[in-house]
Amino acid sequence: MKKALQNQKNWWAIGVILIAVFSLLSVQTLSGNVIVGYDTFFHFNRIYDTAMQFKLGRFSYFMSNFGYCQSGQIVNAVYGPYMVYGLGLLLFLTHSWVWFQIISGFILLFVAGIGAYALFRRLKINYWLATFGAIIFLSQNFITYWMTSSAFLDWGSMMLPFAVMLGLDLLTGSAKRIHVSLALVVAILIEMHILSAVITVLMLIPFFLVGVVRSNEKNKYLIKIGENIGLTCFLCANYFAAFFNVFGQNNLIAPFRVQSLQTGGMQLINNTLLQNGVGIVFIIIIIAQVIFILFNLKRSNLNMMITTVGLAFFAISSEYFPWDYWGKVFPCFRDFLQFPSRFYAVAAILLLTGFLLSINQFVQQVQFKSVKTAYFVFVSLLTFVSVFIGMMNIQKQLSNNWNLDNIAPQSGVYAQHLRPYGYYPKQVSNEGIRKDFQGAKLDAPLRDSIRANTDYLPNHTKLRQPHDLQSDYQKQITYNEDEFKKQVQPNGSMEVSWESKQRTMTMIPVVAYHDTQINLNGHQLKYAHRLVEKNDDLNHYHLSKIGGIMVPSRAGSNKLNVKYEAPFYVKLALIVSLMSWSICILYLIYRGLKLIFNN
């Protein structure tokens, strides 16, 4: 490590990578605007919720007491919990949506670039080729889509170079090469984005299987793998316990179900403005690498392995794979996978790695300096085009948001198919939303959008699709807010107060789950499974189709306290997780310092 830090070539590489990162960020920085994409309002509500928890010191691990119209909806506990608290802390520190996007974009691009560079240098690829390859990787849609559409999958893509390095360790079959980093990378992915973790583990399986076959110490090798699986469980105990608690005790509304998986596959087109467009750069890389593998007799087994796995993932990510058939066999794919293009980032990092290995081999074998120069120029042109296209994609989304004469950022954001459950009210203007995002009130732009965020709400019907319940969300949550005053309590509970002219059943714009406790006017209520029409049932509350709370109001002032009381094992799991992360971080610091001072 000490030698790596002292190597000037590495510092030059970092400098060039930073230039590429700042070039991509400059488009948004110079505009001074937030970029609004398809997932922006969904994730910004999550992030705003945790930012306000830091600001006020009133933490609730389960309930959304600030985001999602303060509805108490459970999202963060089962969707990248630690990651969203990290992003919430960043928003709290910057107190600006614009600077939050820019800084988070910098972290994403830089880590992705450094990770890719480290991977390529580990394979002894030439310094300049490794640098060019890192820039090609960080400028692709599966990385920059966080900047243009707030897609969480991009954070998982950021970790792929580190995962591939783990795959190289697994491939050796040596138990000594399996260490704590395997558990850490998988755990980080789980705490970021569970689908990314699943896809990454699928990528590691072929490397593991070959490693088992190669290993001369199979028992030790498998024991090391088992230890890492156990450590991952400890590190992610918070996620697994919360997931078991929430999904095990409640029937929840799943994410929207796509009509066709096939249309969400990657397309071999030059255009990368769409997330599922491969783009000219990777079309060239894929074709060149396939030709190399087919016709180069001196290809290495490692290159063959990496390319084969990469091509397999590209095949299943493409529109040519029979996804519609498998969507009928396994309907859950249409809910939770939704877009097969999500496999593409794995294919891209593996095929890019194989391509650079091939170019590196040619450079080493060729004697003529002019030919070597031609190879470097070829890769540098691909790098330049990648950055240029990445900048154009960002500029295009900015133009769609703010520079076109559309009703509040419309193009590429809220298309007509989202109506009537995802839109901007008539009084909200394009300029108004832009200024709200630039302003100091972080919740202002979130209130400009009316979107029925039904993900992970309770489902007390037999209806499967979330759009069947979105009208209920608007009536009970979005449009029902003004009559009630909400106050978050120090213990993380939500207090709702309102005035009632008479005794009546009242719909409260807060949702309840199995372990939610309801107290009305100081009296704890019990859940009644069947709605009683009489108003004299003062001991029970009822739930709507989406978990909206109905309580018997008294004439005059009313106060309702809503609190999610997680079981003991969930609280214990959170403690175990935090302690495990603390021990691992301290161990890594100790190990890093030891390597630096001993070398």
# chains A, B, ... in the order shown; residues from 1 in each chain; ligands from 1
call {"tool": "residues_around", "arguments": {"residues": "segment 253-258 of chain A", "least_positions_apart": "3", "cutoff": "7 Å", "atoms": "only C-alpha atoms", "output": "short mmCIF file (atom, residue, chain, number, x, y, z; two decimals) with N, CA and C atoms, in the first residue's frame"}}
result
data_model
loop_
_atom_site.label_atom_id
_atom_site.label_comp_id
_atom_site.auth_asym_id
_atom_site.auth_seq_id
_atom_site.Cartn_x
_atom_site.Cartn_y
_atom_site.Cartn_z
N LEU A 261 -41.34 -7.58 -19.57
CA LEU A 261 -39.93 -7.56 -19.21
C LEU A 261 -39.05 -7.36 -20.45
N ARG A 334 -41.60 -9.52 -12.72
CA ARG A 334 -42.20 -8.29 -13.25
C ARG A 334 -42.38 -7.23 -12.17
N ASP A 335 -42.37 -7.68 -10.90
CA ASP A 335 -42.51 -6.74 -9.79
C ASP A 335 -41.17 -6.22 -9.29
N PHE A 336 -40.22 -7.13 -9.07
CA PHE A 336 -39.00 -6.78 -8.35
C PHE A 336 -37.77 -6.64 -9.26
N GLN A 338 -38.25 -6.06 -12.82
CA GLN A 338 -38.87 -5.04 -13.67
C GLN A 338 -38.12 -4.81 -14.99
N THR A 454 -47.13 4.31 -3.35
CA THR A 454 -47.78 3.22 -2.62
C THR A 454 -46.83 2.10 -2.24
N ASP A 455 -45.55 2.17 -2.64
CA ASP A 455 -44.61 1.08 -2.35
C ASP A 455 -44.53 0.80 -0.85
N TYR A 456 -44.68 -0.47 -0.50
CA TYR A 456 -44.54 -0.97 0.88
C TYR A 456 -45.64 -0.49 1.83
N LEU A 457 -46.73 0.03 1.28
CA LEU A 457 -47.88 0.31 2.13
C LEU A 457 -48.62 -0.99 2.43
N PRO A 458 -49.35 -1.05 3.55
CA PRO A 458 -50.17 -2.24 3.81
C PRO A 458 -51.23 -2.41 2.73
N ASN A 459 -51.52 -3.62 2.41
CA ASN A 459 -52.53 -3.93 1.39
C ASN A 459 -53.60 -4.80 2.03
N GLN A 465 -52.05 -5.19 -8.05
CA GLN A 465 -51.32 -4.08 -8.64
C GLN A 465 -51.46 -2.80 -7.81
N PRO A 466 -50.35 -2.07 -7.61
CA PRO A 466 -50.42 -0.85 -6.80
C PRO A 466 -51.31 0.23 -7.41
#
call {"tool": "closest_residue", "arguments": {"among": "A:Val510, A:Arg342, A:Arg177, A:Phe137", "to": "Thr200 of chain A", "atoms": "only C-alpha atoms"}}
result
A:Arg342
call {"tool": "closest_residue", "arguments": {"among": "A:Lys486, A:Asn126, A:Gly115, A:Val385", "to": "Gly279 of chain A", "atoms": "only C-alpha atoms"}}
result
A:Val385
call {"tool": "closest_residue", "arguments": {"among": "A:Val34, A:Leu90, A:Ala118, A:Leu168", "to": "Phe54 of chain A", "atoms": "only C-alpha atoms"}}
result
A:Leu90
call {"tool": "closest_residue", "arguments": {"among": "A:Phe343, A:Phe313, A:Phe44, A:Phe110", "to": "Gly88 of chain A", "atoms": "only C-alpha atoms"}}
result
A:Phe44
call {"tool": "residues_around", "arguments": {"residues": "segment 12-25 of chain A", "least_positions_apart": "3", "cutoff": "7 Å", "atoms": "only C-alpha atoms", "output": "CSV table (one decimal) with C-alpha atoms, in the first residue's frame"}}
result
chain,number,residue,atom,x,y,z
A,8,GLN,CA,3.5,9.1,-9.0
A,9,LYS,CA,1.8,7.3,-11.9
A,28,GLN,CA,-25.1,20.6,-13.6
A,29,THR,CA,-22.8,22.8,-11.5
A,102,ILE,CA,-23.5,17.5,-7.0
A,106,PHE,CA,-19.0,13.4,-7.1
A,109,LEU,CA,-18.3,9.0,-9.9
A,110,PHE,CA,-15.0,9.2,-8.1
A,113,GLY,CA,-13.5,5.5,-11.2
A,131,THR,CA,-7.0,5.1,-16.4
A,135,ILE,CA,-13.1,6.9,-17.1
A,387,VAL,CA,-17.2,11.5,-21.4
A,390,GLY,CA,-22.1,11.3,-20.6
A,391,MET,CA,-22.1,15.1,-20.5
call {"tool": "residues_around", "arguments": {"residues": "segment 482-485 of chain A", "least_positions_apart": "4", "cutoff": "9 Å", "atoms": "only C-alpha atoms", "output": "list in words"}}
result
Glu495, Val496, Ser497, Trp498, Glu499, Ile508 and Pro509 of chain A
call {"tool": "write_last_selection", "arguments": {"atoms": "N, CA, C and O atoms", "output": "mmCIF file, in the first residue's frame"}}
result
data_model
loop_
_atom_site.group_PDB
_atom_site.id
_atom_site.type_symbol
_atom_site.label_atom_id
_atom_site.label_comp_id
_atom_site.auth_asym_id
_atom_site.auth_seq_id
_atom_site.Cartn_x
_atom_site.Cartn_y
_atom_site.Cartn_z
ATOM 1 N N GLU A 495 -47.612 12.610 16.563
ATOM 2 C CA GLU A 495 -48.838 13.081 17.213
ATOM 3 C C GLU A 495 -49.649 13.882 16.208
ATOM 4 O O GLU A 495 -49.147 14.832 15.602
ATOM 5 N N VAL A 496 -50.896 13.479 16.028
ATOM 6 C CA VAL A 496 -51.803 14.136 15.090
ATOM 7 C C VAL A 496 -52.949 14.757 15.882
ATOM 8 O O VAL A 496 -53.583 14.084 16.703
ATOM 9 N N SER A 497 -53.205 16.031 15.644
ATOM 10 C CA SER A 497 -54.298 16.702 16.346
ATOM 11 C C SER A 497 -55.266 17.334 15.345
ATOM 12 O O SER A 497 -54.854 17.764 14.264
ATOM 13 N N TRP A 498 -56.546 17.381 15.711
ATOM 14 C CA TRP A 498 -57.571 17.946 14.841
ATOM 15 C C TRP A 498 -58.806 18.291 15.653
ATOM 16 O O TRP A 498 -58.945 17.879 16.810
ATOM 17 N N GLU A 499 -59.673 19.064 15.053
ATOM 18 C CA GLU A 499 -60.944 19.450 15.662
ATOM 19 C C GLU A 499 -62.089 18.728 14.968
ATOM 20 O O GLU A 499 -62.075 18.584 13.740
ATOM 21 N N ILE A 508 -57.558 9.410 9.312
ATOM 22 C CA ILE A 508 -56.334 10.142 9.617
ATOM 23 C C ILE A 508 -55.313 9.888 8.501
ATOM 24 O O ILE A 508 -55.134 8.745 8.083
ATOM 25 N N PRO A 509 -54.610 10.926 8.009
ATOM 26 C CA PRO A 509 -53.645 10.733 6.916
ATOM 27 C C PRO A 509 -52.312 10.136 7.385
ATOM 28 O O PRO A 509 -51.235 10.651 7.105
#
call {"tool": "closest_residue", "arguments": {"among": "A:Tyr375, A:Tyr527, A:Phe244, A:Trp128", "to": "Pro567 of chain A", "atoms": "only C-alpha atoms"}}
result
A:Phe244
call {"tool": "select_by_dssp", "arguments": {"residues": "segment 110-256 of chain A", "states": "helix (DSSP H, G or I)", "output": "ChimeraX atom specification"}}
result
/A:110-122,127-138,141-149,153-158,160-172,175-177,181-192,194-214,218-235,237-249
call {"tool": "closest_residue", "arguments": {"among": "A:Thr478, A:Ser60, A:Ser26, A:Thr461", "to": "Met147 of chain A", "atoms": "only C-alpha atoms"}}
result
A:Ser26
call {"tool": "residues_around", "arguments": {"residues": "Leu91 of chain A", "least_positions_apart": "3", "cutoff": "6 Å", "atoms": "only C-alpha atoms", "output": "PyMOL selection string"}}
result
chain A and resi 51+88+94-95+100
call {"tool": "atom_distance", "arguments": {"atom1": "atom CA of Tyr473 of chain A", "atom2": "atom CA of His43 of chain A"}}
result
17.8 Å
call {"tool": "atom_distance", "arguments": {"atom1": "atom CA of Cys584 of chain A", "atom2": "atom CA of Phe162 of chain A"}}
result
17.2 Å
call {"tool": "residues_around", "arguments": {"residues": "Ile389 of chain A", "least_positions_apart": "2", "cutoff": "9 Å", "atoms": "only C-alpha atoms", "output": "ChimeraX atom specification"}}
result
/A:139-140,272-273,384-387,391-394
call {"tool": "select_by_dssp", "arguments": {"residues": "segment 259-358 of chain A", "states": "strand (DSSP E or B)", "output": "JSON, numbers by chain"}}
result
{"A": [266, 267, 277, 318]}
